[in-house]
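K.L.:
The file below is work-v1.tsv, TSV, C-alpha atoms:
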```tsv
chain	number	residue	atom	x	y	z
A	1	MET	CA	139.92	-24.62	13.44
A	2	ALA	CA	140.38	-20.88	12.97
A	3	LEU	CA	143.77	-21.36	11.32
A	4	MET	CA	142.47	-24.03	8.94
A	5	LEU	CA	139.50	-21.84	8.00
A	6	ALA	CA	141.89	-18.98	7.21
A	7	LEU	CA	144.17	-21.20	5.12
A	8	ASN	CA	141.16	-22.57	3.19
A	9	SER	CA	139.67	-19.14	2.35
A	10	SER	CA	140.75	-17.46	-0.88
A	11	GLU	CA	139.72	-14.01	0.44
A	12	LEU	CA	142.59	-14.20	2.94
A	13	ASP	CA	146.34	-14.20	2.35
A	14	VAL	CA	147.85	-15.60	5.55
A	15	ARG	CA	151.23	-13.89	5.90
A	16	ALA	CA	152.40	-15.22	9.28
A	17	VAL	CA	151.45	-17.10	12.43
A	18	THR	CA	152.71	-15.85	15.79
A	19	VAL	CA	152.26	-18.01	18.85
A	20	VAL	CA	151.09	-16.90	22.28
A	21	PRO	CA	150.67	-19.02	25.43
A	22	GLY	CA	147.09	-19.50	26.63
A	23	ASN	CA	145.33	-22.82	26.23
A	24	VAL	CA	148.77	-24.46	26.45
A	25	THR	CA	152.33	-23.29	27.13
A	26	ALA	CA	154.17	-21.24	24.52
A	27	GLN	CA	156.42	-24.19	23.65
A	28	GLN	CA	153.49	-26.56	23.08
A	29	GLY	CA	151.64	-23.89	21.10
A	30	LEU	CA	154.64	-23.39	18.82
A	31	GLU	CA	154.89	-27.14	18.18
A	32	ASN	CA	151.15	-27.26	17.42
A	33	ALA	CA	151.35	-24.33	14.99
A	34	LEU	CA	154.29	-25.87	13.13
A	35	ARG	CA	152.52	-29.23	12.82
A	36	MET	CA	149.29	-27.63	11.56
A	37	ILE	CA	151.07	-25.44	9.00
A	38	SER	CA	152.93	-28.55	7.84
A	39	LEU	CA	149.70	-30.57	7.63
A	40	ALA	CA	148.25	-27.83	5.40
A	41	ASP	CA	151.45	-27.98	3.30
A	42	ARG	CA	152.15	-24.27	3.85
A	43	CYS	CA	155.78	-24.14	5.03
A	44	ASP	CA	155.99	-20.84	3.10
A	45	ILE	CA	154.16	-19.15	5.99
A	46	PRO	CA	156.52	-18.02	8.78
A	47	VAL	CA	155.65	-19.40	12.23
A	48	ALA	CA	157.26	-17.47	15.08
A	49	ALA	CA	157.42	-17.89	18.83
A	50	GLY	CA	156.32	-14.88	20.85
A	51	ALA	CA	155.79	-14.06	24.52
A	52	GLN	CA	156.37	-16.93	26.94
A	53	HIS	CA	154.00	-15.60	29.63
A	54	PRO	CA	151.47	-12.79	30.22
A	55	LEU	CA	152.78	-9.28	30.97
A	56	PHE	CA	152.17	-9.20	34.74
A	57	GLN	CA	150.65	-12.47	35.92
A	58	LYS	CA	151.28	-16.19	35.83
A	59	LEU	CA	150.07	-18.14	32.80
A	60	ILE	CA	146.78	-20.06	33.05
A	61	THR	CA	146.56	-23.02	30.67
A	62	ALA	CA	143.39	-24.96	29.75
A	63	GLU	CA	144.26	-28.56	28.91
A	64	PHE	CA	141.01	-29.48	30.68
A	65	TRP	CA	139.10	-28.10	27.68
A	66	HIS	CA	141.54	-28.58	24.83
A	67	GLY	CA	143.31	-31.88	25.55
A	68	LYS	CA	146.74	-32.39	27.07
A	69	ASN	CA	148.47	-31.20	23.88
A	70	GLY	CA	145.93	-28.43	23.17
A	71	LEU	CA	144.91	-30.19	19.94
A	72	ALA	CA	142.18	-32.48	21.29
A	73	ASN	CA	144.89	-35.12	21.98
A	74	ILE	CA	145.33	-35.64	18.23
A	75	ASP	CA	148.93	-36.55	17.44
A	76	LEU	CA	149.75	-34.81	14.16
A	77	PRO	CA	152.82	-35.93	12.16
A	78	PRO	CA	156.09	-34.12	12.99
A	79	SER	CA	156.38	-30.82	11.15
A	80	LYS	CA	158.27	-30.46	7.88
A	81	CYS	CA	158.34	-26.69	8.51
A	82	LYS	CA	161.03	-24.84	10.46
A	83	VAL	CA	160.37	-22.20	13.09
A	84	ASP	CA	161.05	-18.61	12.01
A	85	PRO	CA	163.94	-17.22	14.11
A	86	ARG	CA	162.27	-13.82	14.62
A	87	PHE	CA	160.45	-12.90	17.85
A	88	GLY	CA	156.68	-12.83	17.18
A	89	PRO	CA	156.09	-9.15	18.08
A	90	ASP	CA	159.12	-8.15	15.97
A	91	LEU	CA	157.73	-10.13	13.04
A	92	ILE	CA	154.41	-8.27	13.40
A	93	ILE	CA	156.23	-4.90	13.39
A	94	GLU	CA	158.31	-5.90	10.35
A	95	MET	CA	155.33	-7.15	8.32
A	96	VAL	CA	153.15	-4.12	9.09
A	97	ARG	CA	155.97	-1.77	8.10
A	98	ALA	CA	156.58	-3.71	4.86
A	99	ALA	CA	152.89	-3.59	3.87
A	100	PRO	CA	151.28	-0.46	5.36
A	101	HIS	CA	147.46	-0.46	5.53
A	102	GLU	CA	147.35	-4.06	4.21
A	103	ILE	CA	147.75	-6.23	7.31
A	104	THR	CA	144.78	-7.33	9.40
A	105	LEU	CA	145.71	-8.82	12.77
A	106	VAL	CA	143.42	-11.65	13.90
A	107	PRO	CA	144.49	-12.55	17.45
A	108	VAL	CA	142.52	-15.52	18.78
A	109	GLY	CA	144.39	-15.92	22.08
A	110	PRO	CA	145.58	-13.60	24.83
A	111	LEU	CA	146.78	-10.26	23.43
A	112	THR	CA	150.33	-10.35	24.81
A	113	ASN	CA	152.18	-10.41	21.46
A	114	ILE	CA	150.08	-7.57	20.00
A	115	ALA	CA	150.61	-5.44	23.12
A	116	LEU	CA	154.38	-6.07	23.02
A	117	ALA	CA	154.53	-5.09	19.34
A	118	ILE	CA	152.76	-1.74	19.81
A	119	THR	CA	154.61	-0.97	23.05
A	120	LYS	CA	157.93	-1.48	21.24
A	121	ASP	CA	156.86	0.44	18.10
A	122	PRO	CA	153.70	2.55	18.55
A	123	SER	CA	154.15	3.95	15.03
A	124	ILE	CA	152.73	0.71	13.54
A	125	VAL	CA	149.25	1.44	14.96
A	126	PRO	CA	148.08	3.72	12.10
A	127	LEU	CA	149.70	1.34	9.58
A	128	VAL	CA	147.59	-1.69	10.57
A	129	LYS	CA	144.49	-2.09	8.40
A	130	GLU	CA	142.39	-3.47	11.27
A	131	VAL	CA	142.37	-5.78	14.28
A	132	ILE	CA	139.72	-8.49	14.58
A	133	LEU	CA	140.09	-10.24	17.92
A	134	MET	CA	138.35	-13.12	19.61
A	135	GLY	CA	137.94	-12.14	23.21
A	136	GLY	CA	135.84	-10.36	25.76
A	137	SER	CA	132.10	-10.28	26.29
A	138	ILE	CA	129.45	-7.73	27.17
A	139	GLY	CA	127.16	-10.42	28.60
A	140	GLY	CA	129.17	-12.26	31.25
A	141	GLY	CA	132.27	-14.42	31.18
A	142	ASN	CA	133.33	-18.06	31.02
A	143	VAL	CA	136.33	-18.01	33.39
A	144	ASN	CA	134.05	-16.47	36.01
A	145	ALA	CA	130.92	-14.31	36.07
A	146	ALA	CA	132.61	-11.37	34.34
A	147	ALA	CA	135.68	-12.33	32.29
A	148	GLU	CA	136.30	-14.21	29.06
A	149	ALA	CA	139.39	-16.46	29.01
A	150	ASN	CA	141.59	-14.71	26.39
A	151	ILE	CA	141.21	-11.33	28.09
A	152	TYR	CA	141.46	-12.81	31.60
A	153	ASN	CA	144.75	-14.45	30.63
A	154	ASP	CA	146.38	-11.04	30.10
A	155	PRO	CA	144.09	-8.10	31.00
A	156	GLU	CA	146.90	-5.51	30.90
A	157	ALA	CA	147.84	-6.52	27.35
A	158	ALA	CA	144.17	-6.37	26.35
A	159	GLN	CA	143.76	-2.85	27.73
A	160	ILE	CA	146.82	-1.71	25.71
A	161	VAL	CA	145.34	-3.22	22.53
A	162	PHE	CA	141.84	-1.77	23.07
A	163	GLN	CA	143.18	1.74	23.76
A	164	ALA	CA	145.72	1.80	20.89
A	165	GLY	CA	143.50	3.83	18.54
A	166	TRP	CA	143.22	1.52	15.52
A	167	PRO	CA	140.13	0.02	13.84
A	168	LEU	CA	139.23	-2.89	16.14
A	169	THR	CA	136.40	-5.43	16.07
A	170	MET	CA	135.67	-7.49	19.18
A	171	VAL	CA	134.25	-10.93	18.47
A	172	GLY	CA	133.17	-11.80	21.97
A	173	LEU	CA	132.14	-14.86	23.90
A	174	ASP	CA	128.47	-13.84	24.02
A	175	VAL	CA	128.03	-13.61	20.24
A	176	ALA	CA	130.21	-16.66	19.47
A	177	ASP	CA	128.10	-18.70	21.94
A	178	LYS	CA	125.36	-18.52	19.28
A	179	THR	CA	127.49	-20.38	16.69
A	180	LEU	CA	127.03	-23.93	17.95
A	181	PHE	CA	128.74	-26.54	15.80
A	182	SER	CA	126.62	-29.66	16.38
A	183	ARG	CA	126.43	-33.28	15.23
A	184	LYS	CA	124.65	-32.02	12.10
A	185	GLN	CA	127.73	-30.08	10.94
A	186	LEU	CA	129.99	-32.90	12.14
A	187	GLU	CA	128.18	-35.34	9.83
A	188	GLN	CA	128.56	-32.92	6.90
A	189	LEU	CA	132.29	-32.61	7.58
A	190	GLY	CA	132.62	-36.40	7.78
A	191	GLN	CA	131.39	-36.83	4.20
A	192	THR	CA	134.68	-35.62	2.69
A	193	HIS	CA	138.28	-36.54	3.40
A	194	GLY	CA	141.76	-35.10	3.21
A	195	PRO	CA	144.51	-34.28	5.73
A	196	VAL	CA	143.00	-30.95	6.87
A	197	ASN	CA	139.37	-32.13	6.59
A	198	ASP	CA	140.04	-35.24	8.72
A	199	PHE	CA	142.03	-33.28	11.30
A	200	VAL	CA	139.29	-30.65	11.73
A	201	TYR	CA	136.67	-33.43	11.90
A	202	ALA	CA	138.60	-35.10	14.74
A	203	VAL	CA	138.98	-31.81	16.65
A	204	ALA	CA	135.28	-30.98	16.17
A	205	LYS	CA	134.23	-34.47	17.28
A	206	TYR	CA	136.26	-34.10	20.49
A	207	LEU	CA	134.69	-30.69	21.17
A	208	VAL	CA	131.12	-31.77	20.33
A	209	GLU	CA	131.44	-34.78	22.65
A	210	LEU	CA	132.92	-32.60	25.40
A	211	SER	CA	130.09	-30.08	25.07
A	212	THR	CA	127.51	-32.90	25.30
A	213	LYS	CA	128.93	-33.80	28.73
A	214	PHE	CA	128.01	-30.31	29.93
A	215	GLY	CA	124.54	-30.42	28.41
A	216	TRP	CA	125.25	-28.12	25.46
A	217	ALA	CA	123.81	-28.70	21.99
A	218	GLY	CA	127.15	-28.14	20.28
A	219	THR	CA	130.53	-26.47	20.58
A	220	PRO	CA	130.74	-22.66	20.19
A	221	MET	CA	133.00	-21.62	17.29
A	222	TYR	CA	134.85	-18.86	19.13
A	223	ASP	CA	138.14	-18.47	17.22
A	224	PRO	CA	136.81	-19.53	13.80
A	225	LEU	CA	134.16	-16.77	14.03
A	226	ALA	CA	136.89	-14.12	14.29
A	227	VAL	CA	138.35	-15.49	11.03
A	228	GLY	CA	134.80	-15.59	9.62
A	229	VAL	CA	134.41	-11.87	10.32
A	230	ALA	CA	137.75	-11.23	8.56
A	231	ILE	CA	136.37	-13.09	5.52
A	232	ASP	CA	132.88	-11.53	5.57
A	233	ALA	CA	132.02	-8.71	7.99
A	234	THR	CA	128.30	-9.01	7.06
A	235	LEU	CA	128.12	-12.20	9.16
A	236	VAL	CA	127.79	-10.02	12.28
A	237	LYS	CA	126.16	-6.83	13.53
A	238	ALA	CA	128.77	-4.80	15.38
A	239	PRO	CA	127.83	-1.34	16.68
A	240	ALA	CA	130.61	1.00	17.79
A	241	MET	CA	131.20	1.30	21.54
A	242	HIS	CA	133.92	2.39	23.92
A	243	VAL	CA	135.47	-0.64	25.62
A	244	ASP	CA	137.81	-0.68	28.62
A	245	VAL	CA	139.38	-3.74	30.21
A	246	GLU	CA	139.09	-4.01	33.99
A	247	THR	CA	142.54	-4.75	35.42
A	248	ARG	CA	141.94	-4.29	39.16
A	249	GLY	CA	138.51	-5.48	40.25
A	250	GLU	CA	138.25	-8.26	42.81
A	251	PHE	CA	135.35	-9.90	40.97
A	252	THR	CA	135.75	-8.31	37.54
A	253	ARG	CA	139.46	-8.46	36.56
A	254	GLY	CA	139.55	-9.18	32.83
A	255	GLU	CA	136.03	-7.94	32.12
A	256	THR	CA	135.51	-5.94	28.91
A	257	VAL	CA	133.40	-2.99	30.04
A	258	ALA	CA	131.47	-1.53	27.10
A	259	ASN	CA	129.69	1.81	27.06
A	260	ARG	CA	126.45	1.08	25.17
A	261	HIS	CA	125.10	4.64	25.30
A	262	GLY	CA	128.12	6.60	24.08
A	263	THR	CA	127.91	9.03	27.01
A	264	ILE	CA	128.86	9.36	30.66
A	265	GLU	CA	127.35	11.66	33.26
A	266	ARG	CA	129.40	14.73	34.14
A	267	ASN	CA	129.55	14.82	37.95
A	268	VAL	CA	130.73	18.13	39.45
A	269	LEU	CA	131.50	18.55	43.16
A	270	HIS	CA	129.26	21.11	44.94
A	271	GLY	CA	130.29	21.37	48.58
A	272	ASP	CA	129.63	17.96	50.15
A	273	HIS	CA	127.98	16.33	47.13
A	274	TYR	CA	128.16	15.93	43.37
A	275	VAL	CA	125.71	17.36	40.86
A	276	ILE	CA	125.14	15.88	37.42
A	277	GLU	CA	125.58	18.86	35.13
A	278	GLY	CA	125.20	17.13	31.79
A	279	LEU	CA	126.31	14.28	29.59
A	280	ASP	CA	129.75	13.95	27.99
A	281	GLN	CA	130.21	12.07	24.72
A	282	VAL	CA	132.49	9.05	24.76
A	283	THR	CA	134.51	8.20	21.66
A	284	PRO	CA	134.07	4.58	20.50
A	285	ASN	CA	137.26	2.50	20.17
A	286	ALA	CA	135.79	-0.81	18.98
A	287	LYS	CA	133.06	-2.41	16.98
A	288	VAL	CA	131.44	-4.92	19.33
A	289	CYS	CA	129.72	-7.91	17.76
A	290	VAL	CA	126.22	-8.32	19.18
A	291	GLU	CA	124.49	-10.52	16.58
A	292	VAL	CA	125.63	-13.22	14.17
A	293	ASP	CA	124.08	-15.10	11.27
A	294	ALA	CA	125.11	-18.39	12.87
A	295	GLU	CA	123.73	-20.75	10.25
A	296	ARG	CA	125.42	-18.90	7.38
A	297	PHE	CA	128.72	-18.86	9.26
A	298	LEU	CA	128.56	-22.59	10.10
A	299	GLN	CA	127.85	-23.43	6.48
A	300	LEU	CA	130.74	-21.21	5.38
A	301	PHE	CA	133.05	-23.03	7.80
A	302	VAL	CA	131.99	-26.53	6.76
A	303	SER	CA	132.12	-25.78	3.03
A	304	ARG	CA	135.60	-24.19	3.27
A	305	ILE	CA	137.08	-27.07	5.26
A	306	ARG	CA	135.55	-29.54	2.78
A	307	GLY	CA	137.15	-27.55	-0.03
A	308	LYS	CA	133.80	-26.80	-1.69
```
What is this file in structure tokens?

P.N.:
Amino acid sequence: MALMLALNSSELDVRAVTVVPGNVTAQQGLENALRMISLADRCDIPVAAGAQHPLFQKLITAEFWHGKNGLANIDLPPSKCKVDPRFGPDLIIEMVRAAPHEITLVPVGPLTNIALAITKDPSIVPLVKEVILMGGSIGGGNVNAAAEANIYNDPEAAQIVFQAGWPLTMVGLDVADKTLFSRKQLEQLGQTHGPVNDFVYAVAKYLVELSTKFGWAGTPMYDPLAVGVAIDATLVKAPAMHVDVETRGEFTRGETVANRHGTIERNVLHGDHYVIEGLDQVTPNAKVCVEVDAERFLQLFVSRIRGK
């Protein structure tokens, strides 16, 4: 849904798609990306395989939520497009170097490929225009009480990306939970037809019906919202904060820990105890989305997919 929104938005020039394992394996994800790019008739866009697993842990896939093929069990026609032979992180490095200060990265899965790119070539960091990622939360997780799935799937990669020092916007679980795509939007989408329109309708129908089973009023538009923010940053309110990713906690591994106040207490050891001697400023490293104009975003999504 995020990819189709990007392809249907004239503000964006989609230069490449790199695939990361997460909801499904890397191989299945690559096949899905190729079929979707083919469906949209955009074989001009390179589609590259990337990491095959997270940096330091085993992969966790989520067919339970996304269907056995990760595309709501919709069987798209075989792709007319060919896979790009380059390794995803290398493709990112190459494209950023070729177009300095022009490329916005919009990762909507685990951050493994982005972390690999900047670990291999840190000099691309100041050349990236911005990073808008779907992941994290400052109000509790969905994998468990603390962690959101994309960050939980590769916390070490996420910490590398958050600490890189580039302009970064975090479109988190908590704000995207407010963008519920319901039967109302589904009906609007069903009024028009075309290969992409019908595909997105089928995916949305699967997700809306799944969410109904769990008593929700609609399906949250997590990944599409990140693309929405790339199209129009005024859709969200996103104050600057310092965010770290917890990589060790027993109950909190994968949590995005945001400093809301911009300060930490300076504790100085005096004999057998510490004394707070002041407050130290903390430098923000991310804009963290806290509010969204959900209705405006949902209408943007529906109208773009319908080609209006």

K.L.:
What does the structure give for the distance between CA of Ser211 in chain A and CA of Arg183 in chain A, in Å to one decimal?

P.N.:
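That distance, rounded to one decimal, is 11.0 Å.
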
K.L.:
Can you pull out every residue within 6 Å of range 278-284 of chain A, counting all atoms listed in the file, but drop anything in the same chain fewer than 6 positions away, and send it as a list in words?

P.N.:
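Contacts, with the query itself left out: Ala240, Met241, His242, Gly262, Thr263, Ile264, Glu265 and Arg266 of chain A.
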
K.L.:
If I take CA of Gly29 in chain A and CA of Thr169 in chain A, how far is one from the other in Å, to one decimal?

P.N.:
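One can read the CA of Gly29 in chain A to CA of Thr169 in chain A distance as 24.5 Å.
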
K.L.:
Tell me, as a PyMOL selection string, which residues lie within 10 Å of Pro107 in chain A, counting all atoms listed in the file; anything in the same chain fewer than 5 positions away does not count.

P.N.:
chain A and resi 17-20+112-114+131-135+150+223+226-227

K.L.:
Pull C-alpha atoms from the residues just selected and write them as a PDB file, in the coordinates of the input.

P.N.:
```
ATOM      1  CA  VAL A  17     151.450 -17.100  12.430  1.00  0.00           C
ATOM      2  CA  THR A  18     152.710 -15.850  15.790  1.00  0.00           C
ATOM      3  CA  VAL A  19     152.260 -18.010  18.850  1.00  0.00           C
ATOM      4  CA  VAL A  20     151.090 -16.900  22.280  1.00  0.00           C
ATOM      5  CA  THR A 112     150.330 -10.350  24.810  1.00  0.00           C
ATOM      6  CA  ASN A 113     152.180 -10.410  21.460  1.00  0.00           C
ATOM      7  CA  ILE A 114     150.080  -7.570  20.000  1.00  0.00           C
ATOM      8  CA  VAL A 131     142.370  -5.780  14.280  1.00  0.00           C
ATOM      9  CA  ILE A 132     139.720  -8.490  14.580  1.00  0.00           C
ATOM     10  CA  LEU A 133     140.090 -10.240  17.920  1.00  0.00           C
ATOM     11  CA  MET A 134     138.350 -13.120  19.610  1.00  0.00           C
ATOM     12  CA  GLY A 135     137.940 -12.140  23.210  1.00  0.00           C
ATOM     13  CA  ASN A 150     141.590 -14.710  26.390  1.00  0.00           C
ATOM     14  CA  ASP A 223     138.140 -18.470  17.220  1.00  0.00           C
ATOM     15  CA  ALA A 226     136.890 -14.120  14.290  1.00  0.00           C
ATOM     16  CA  VAL A 227     138.350 -15.490  11.030  1.00  0.00           C
TER      17      VAL A 227
END
```

K.L.:
Do you know which residues are at most 6 Å from Val24 in chain A counting only C-alpha atoms, after dropping those on the same chain fewer than 2 positions away, and could you put them as a list in words?

P.N.:
Pro21, Gly22, Thr61 and Gly70 of chain A

K.L.:
Quote the spacing between CA of Asn285 in chain A and CA of Ala145 in chain A in Å to one decimal place.

P.N.:
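If I compute the distance from CA of Asn285 in chain A to CA of Ala145 in chain A, I get 24.0 Å.
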
K.L.:
Using all atoms listed in the file, find each residue of range 87-147 of chain A with at least one atom at most 10 Å away from an atom of range 290-302 of chain A; report its shortest atom-to-atom pair and that distance in Å (one decimal), sort the rows by chain and rising residue number, and return the result as CSV.

P.N.:
```
residue,atom,partner,partner_atom,distance
A:Ser137,CA,A:Val290,CA,9.4
A:Ile138,CA,A:Val290,CA,8.6
A:Gly139,CA,A:Val290,CA,9.7
```

K.L.:
Take the residues that were just selected and, keeping C-alpha atoms, output them as a compact mmCIF listing (two decimals), in the frame of the given file.

P.N.:
```txt
# COMPACT_ATOMS: atom_id res chain seq x y z
CA SER A 137 132.10 -10.28 26.29
CA ILE A 138 129.45 -7.73 27.17
CA GLY A 139 127.16 -10.42 28.60
```

K.L.:
Here is a test: counting only C-alpha atoms, which residue of A:Asn73, A:Thr212, A:Thr247, A:Thr179 is nearest to Asn32 in chain A?

P.N.:
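Using only C-alpha atoms, Asn32 in chain A sits closest to A:Asn73.
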
K.L.:
Determine the nearest neighbour of Val175 in chain A from the options A:Lys129, A:Leu225, A:Pro155, A:Leu39, counting all atoms listed in the file.

P.N.:
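Closest candidate: A:Leu225.
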
K.L.:
From the list A:Lys287, A:Lys237, A:His53, A:Arg35, which residue is nearest Asn23 in chain A when using all atoms listed in the file?

P.N.:
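Of all the options, A:His53 lies closest to Asn23 in chain A.
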
K.L.:
With distances taken over only C-alpha atoms, which of A:Cys43, A:Leu30, A:Leu235, A:Ala48 is nearest to Pro89 in chain A?

P.N.:
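Distance minimum relative to Pro89 in chain A lands on A:Ala48.
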
K.L.:
Using all atoms listed in the file, find the one residue out of A:Val143, A:Ile124, A:Leu12, A:Leu91 that sits nearest to Val106 in chain A.

P.N.:
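Closest to Val106 in chain A of all the choices is A:Leu12.
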
K.L.:
What would range 175-189 of chain A look like with N, CA and C atoms in place, written as a short mmCIF file (atom, residue, chain, number, x, y, z; two decimals), in the coordinates of the input?

P.N.:
```cif
data_model
loop_
_atom_site.label_atom_id
_atom_site.label_comp_id
_atom_site.auth_asym_id
_atom_site.auth_seq_id
_atom_site.Cartn_x
_atom_site.Cartn_y
_atom_site.Cartn_z
N VAL A 175 128.55 -13.43 21.60
CA VAL A 175 128.03 -13.61 20.24
C VAL A 175 128.48 -14.96 19.67
N ALA A 176 129.71 -15.37 19.99
CA ALA A 176 130.21 -16.66 19.47
C ALA A 176 129.47 -17.85 20.10
N ASP A 177 128.91 -17.64 21.29
CA ASP A 177 128.10 -18.70 21.94
C ASP A 177 126.89 -19.10 21.08
N LYS A 178 126.52 -18.22 20.14
CA LYS A 178 125.36 -18.52 19.28
C LYS A 178 125.74 -19.39 18.08
N THR A 179 127.04 -19.61 17.87
CA THR A 179 127.49 -20.38 16.69
C THR A 179 127.81 -21.81 17.12
N LEU A 180 126.79 -22.58 17.43
CA LEU A 180 127.03 -23.93 17.95
C LEU A 180 127.21 -24.94 16.82
N PHE A 181 128.41 -25.48 16.75
CA PHE A 181 128.74 -26.54 15.80
C PHE A 181 128.26 -27.85 16.42
N SER A 182 127.27 -28.49 15.78
CA SER A 182 126.62 -29.66 16.38
C SER A 182 126.90 -30.93 15.58
N ARG A 183 126.24 -32.01 15.94
CA ARG A 183 126.43 -33.28 15.23
C ARG A 183 126.02 -33.16 13.76
N LYS A 184 125.08 -32.25 13.49
CA LYS A 184 124.65 -32.02 12.10
C LYS A 184 125.84 -31.57 11.23
N GLN A 185 126.56 -30.56 11.69
CA GLN A 185 127.73 -30.08 10.94
C GLN A 185 128.85 -31.12 10.93
N LEU A 186 128.96 -31.86 12.04
CA LEU A 186 129.99 -32.90 12.14
C LEU A 186 129.77 -33.96 11.06
N GLU A 187 128.51 -34.34 10.87
CA GLU A 187 128.18 -35.34 9.83
C GLU A 187 128.52 -34.80 8.44
N GLN A 188 128.23 -33.52 8.20
CA GLN A 188 128.56 -32.92 6.90
C GLN A 188 130.07 -32.96 6.65
N LEU A 189 130.82 -32.64 7.70
CA LEU A 189 132.29 -32.61 7.58
C LEU A 189 132.85 -34.02 7.36
#
```
